[in-house]
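> Here you go, one structure.
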Amino acid sequence: MEQAVVDVTGLSRSFGRKSALEGVSFRATAGRIYGLVGANGAGKTTLLKHLLGLLRAATGSVRVFGLDPVRDPVGVLRRIGYLSEERELPEWMRVDELMRYTRAFHPTWDAAYARELLETFALDPAKKVKELSKGMRAQAGLLVAVAHRPELLILDEPSSGLDAVVRRDILDAIVRTVADDGRTVIFSSHLLDEVERMSDHVTLMHQGRVTLSGPLDDVRRGYQRSRVRFTQHFEHPPAIETALAMEGGGRTWSVVHNGSLEQFHHSVLTLGGEVVESRDATLEEIFLARAGRSRQPVEAA
Amino acid sequence: MDITINVTDGVPIYRQIVNQVKYLVASGLLQPGEELPPIRTLALQLKVTPNTVVKAYGDLEIAGVVQKRQGSGTFVSEGRQQLALKERRRVIEQRIDALLAEAHQLNFTADDILRMVRERKAAMNPGNNAEPAEVEK
């Protein structure tokens, strides 16, 4: 088996009586991009915080580069770049001070790359962090997360609340991290089109558990979305064995289903209907179907 | 290279790249011997994971559409005929299936569609219509 960059096994965690993670296992190998998907409160941030050693594994084990991030924070963190949704940066520092400060912790700091990013983002080095706009703050956070060319880049909801320009900067940084030296990226996002574009591997979390995980093509394989027309009216979605989610009403329904297409055709025929059209389901359709019709907001950009 | 990725229609992204490069080659917009963008460049342009581009270029190489040259890059294969008849049929048949499904929804018969295809063809200026001839070779 390939040497794992991240190896989490049987990780459980609760906050008070509320269970946040239950028996989570997650593996990441070098040179790939891992997308982490799930509704708010599914456990994504809690999992990522364990990788950074910010939380100690109560049950189960967490290894990053083969090390325990709680016992060896220096050995692990100097090889990681991290951008959180809250972009926790020291407010009082100027941008150039933030860069010098971060550089001191990272012997691998690439000054030329840092300068290039500073120029691309058009960040004023003399500005204080607290004076930056939301987008500029994300850019500054991204700069100090990638300028030491980390072996592992962890991004927690990096695109959340940002405009298209800054989102593009973030996606560029992800591509460059993997393309330039085959390093590894783990990112969580609720933008499913972004995950579909950027991930080699997708992990779906729901209420603290991993419900689906694998290479993107494997995860999507076998899921279809079909348009179906019946001769009779249906008030409620009729029961079809392989259907995971149905939308529509009356005679026309849109169905996300898995398993054999032939069997699906047969089931529809038995109900006096026909399959008008079938195609591979998108990640968003699979996600919504698997999330069990929960009304959690899932945005598609 | 003019490629557009659409994540709303369920077609895997590497296959979208493969299909569009095949189309660009078949239509002459990519010439034999022409270099494809490096993996990193195309991944940055399309905002997709580099491994998807690696996979697409690999599939295109197996299909004989492109060739990798040691230490340089990926180039469109020399020689005119890249797309086998089977492959060309497959591309068109996918479009036909979608068209027929849509037609059925809108209560057109297959004969209606055939007639409409001929009408549309006749309405097009044949002078601007070099592409199908290219594909047919």
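Naming works like this for the structure tokens: A, B, ... for the chains as they're shown, residue 1 at the start of each chain, ligands 1 onward in shown order.
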Can you write out as a Markdown table which residues of chain B fall within 7 Å of chain A, alongside each residue's closest atom pair and its distance in Å to one decimal, counting only C-alpha atoms and ordering rows by chain and ascending residue number?

```
| residue | atom | partner | partner_atom | distance |
| --- | --- | --- | --- | --- |
| B:Val7 | CA | A:Asp193 | CA | 6.2 |
| B:Thr8 | CA | A:Thr282 | CA | 6.4 |
| B:Asp9 | CA | A:Thr282 | CA | 6.9 |
| B:Gly10 | CA | A:Thr282 | CA | 4.5 |
| B:Val11 | CA | A:Asp280 | CA | 6.4 |
| B:Arg40 | CA | A:Ala179 | CA | 5.7 |
| B:Ala43 | CA | A:Val175 | CA | 6.8 |
| B:Leu44 | CA | A:Asp172 | CA | 6.0 |
| B:Lys47 | CA | A:Leu171 | CA | 6.5 |
| B:Val48 | CA | A:Arg197 | CA | 4.7 |
| B:Thr49 | CA | A:Met198 | CA | 4.6 |
| B:Pro50 | CA | A:Ala179 | CA | 6.1 |
| B:Ala101 | CA | A:Val276 | CA | 6.1 |
```
> Could you please take those selected residues and save C-alpha atoms as a tab-separated table (two decimals), in the first residue's frame?

```
chain	number	residue	atom	x	y	z
B	7	VAL	CA	-20.60	20.01	-14.40
B	8	THR	CA	-24.38	20.08	-14.66
B	9	ASP	CA	-24.93	17.36	-17.26
B	10	GLY	CA	-23.30	14.44	-15.43
B	11	VAL	CA	-20.57	13.66	-17.99
B	40	ARG	CA	-0.52	22.20	-15.38
B	43	ALA	CA	-5.65	22.33	-15.26
B	44	LEU	CA	-5.21	25.99	-14.29
B	47	LYS	CA	-9.94	24.83	-12.84
B	48	VAL	CA	-9.81	21.07	-12.60
B	49	THR	CA	-7.53	18.70	-10.74
B	50	PRO	CA	-4.34	18.04	-12.76
B	101	ALA	CA	-35.79	11.97	-26.27
```
> Write out as a ChimeraX atom specification all residues of chain B that DSSP puts in helix (DSSP H, G or I) for this structure's backbone.
/B:13-26,39-46,50-62,85-105,110-123,126-128,131-136
> Which polymer residues have any atom within 9 Å of an atom of segment 85-88 of chain A, counting only C-alpha atoms, with same-chain residues fewer than 6 positions away left out, as an mmCIF file with N, CA and C atoms, in the first residue's frame?

```cif
data_model
loop_
_atom_site.group_PDB
_atom_site.id
_atom_site.type_symbol
_atom_site.label_atom_id
_atom_site.label_comp_id
_atom_site.auth_asym_id
_atom_site.auth_seq_id
_atom_site.Cartn_x
_atom_site.Cartn_y
_atom_site.Cartn_z
ATOM 1 N N ARG A 137 -8.376 39.464 2.905
ATOM 2 C CA ARG A 137 -8.018 38.690 4.091
ATOM 3 C C ARG A 137 -7.838 37.199 3.709
ATOM 4 N N ALA A 138 -8.733 36.719 2.852
ATOM 5 C CA ALA A 138 -8.617 35.337 2.382
ATOM 6 C C ALA A 138 -7.347 35.158 1.564
ATOM 7 N N GLY A 141 -4.419 35.081 3.916
ATOM 8 C CA GLY A 141 -4.409 33.776 4.583
ATOM 9 C C GLY A 141 -3.900 32.685 3.670
ATOM 10 N N LEU A 142 -4.308 32.772 2.401
ATOM 11 C CA LEU A 142 -3.866 31.775 1.427
ATOM 12 C C LEU A 142 -2.361 31.898 1.190
ATOM 13 N N LEU A 155 -7.561 23.077 3.540
ATOM 14 C CA LEU A 155 -8.401 24.257 3.370
ATOM 15 C C LEU A 155 -9.805 23.927 3.859
ATOM 16 N N ASP A 156 -10.260 24.684 4.871
ATOM 17 C CA ASP A 156 -11.589 24.426 5.417
ATOM 18 C C ASP A 156 -12.558 25.468 4.868
ATOM 19 N N GLU A 157 -13.449 25.044 4.004
ATOM 20 C CA GLU A 157 -14.405 25.949 3.342
ATOM 21 C C GLU A 157 -13.696 27.191 2.797
ATOM 22 N N PRO A 158 -12.686 27.013 1.954
ATOM 23 C CA PRO A 158 -11.884 28.168 1.538
ATOM 24 C C PRO A 158 -12.681 29.187 0.730
ATOM 25 N N SER A 159 -13.703 28.745 -0.006
ATOM 26 C CA SER A 159 -14.412 29.660 -0.905
ATOM 27 C C SER A 159 -15.599 30.328 -0.262
ATOM 28 N N SER A 160 -15.872 29.961 0.983
ATOM 29 C CA SER A 160 -17.080 30.418 1.644
ATOM 30 C C SER A 160 -17.190 31.939 1.661
#
```
> Need the shell around Leu29 of chain B: protein/DNA/RNA residues with any atom at most 10 Å away, counting only C-alpha atoms. Skip same-chain ones fewer than 6 positions apart. Format as a PyMOL selection string?
chain B and resi 1-2+21+23
> Would you save the residues of that selection, restricted to N, CA and C atoms, as an mmCIF file, in the first residue's frame?

```cif
data_model
loop_
_atom_site.group_PDB
_atom_site.id
_atom_site.type_symbol
_atom_site.label_atom_id
_atom_site.label_comp_id
_atom_site.auth_asym_id
_atom_site.auth_seq_id
_atom_site.Cartn_x
_atom_site.Cartn_y
_atom_site.Cartn_z
ATOM 1 N N MET B 1 -6.222 26.370 -25.826
ATOM 2 C CA MET B 1 -7.126 25.359 -26.391
ATOM 3 C C MET B 1 -8.539 25.633 -25.890
ATOM 4 N N ASP B 2 -9.476 25.647 -26.810
ATOM 5 C CA ASP B 2 -10.835 26.072 -26.492
ATOM 6 C C ASP B 2 -11.665 24.890 -25.988
ATOM 7 N N VAL B 21 -11.293 17.419 -27.320
ATOM 8 C CA VAL B 21 -10.023 17.375 -28.063
ATOM 9 C C VAL B 21 -10.227 16.579 -29.347
ATOM 10 N N TYR B 23 -12.920 16.304 -31.025
ATOM 11 C CA TYR B 23 -13.661 17.165 -31.949
ATOM 12 C C TYR B 23 -12.741 18.207 -32.581
#
```
> Might you pull out every residue within 8 Å of Val25 of chain B, with only C-alpha atoms counted and same-chain residues fewer than 5 positions away left off, and present them as an mmCIF file with N, CA and C atoms, in the first residue's frame?

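New file out_5.cif:
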```cif
data_model
loop_
_atom_site.group_PDB
_atom_site.id
_atom_site.type_symbol
_atom_site.label_atom_id
_atom_site.label_comp_id
_atom_site.auth_asym_id
_atom_site.auth_seq_id
_atom_site.Cartn_x
_atom_site.Cartn_y
_atom_site.Cartn_z
ATOM 1 N N LEU B 30 -7.377 21.702 -34.317
ATOM 2 C CA LEU B 30 -6.052 21.283 -33.847
ATOM 3 C C LEU B 30 -5.406 20.504 -34.980
ATOM 4 N N GLN B 31 -4.231 20.944 -35.373
ATOM 5 C CA GLN B 31 -3.557 20.342 -36.525
ATOM 6 C C GLN B 31 -2.611 19.227 -36.097
ATOM 7 N N PRO B 32 -2.398 18.239 -36.997
ATOM 8 C CA PRO B 32 -1.403 17.197 -36.696
ATOM 9 C C PRO B 32 -0.053 17.833 -36.357
ATOM 10 N N VAL B 65 -5.040 9.550 -30.725
ATOM 11 C CA VAL B 65 -5.292 10.930 -31.140
ATOM 12 C C VAL B 65 -4.063 11.810 -30.882
ATOM 13 N N VAL B 76 -0.570 16.394 -31.160
ATOM 14 C CA VAL B 76 -1.578 15.752 -31.995
ATOM 15 C C VAL B 76 -0.865 14.810 -32.964
ATOM 16 N N GLN B 82 -7.879 10.102 -37.400
ATOM 17 C CA GLN B 82 -7.760 9.757 -35.996
ATOM 18 C C GLN B 82 -8.987 9.023 -35.475
#
```
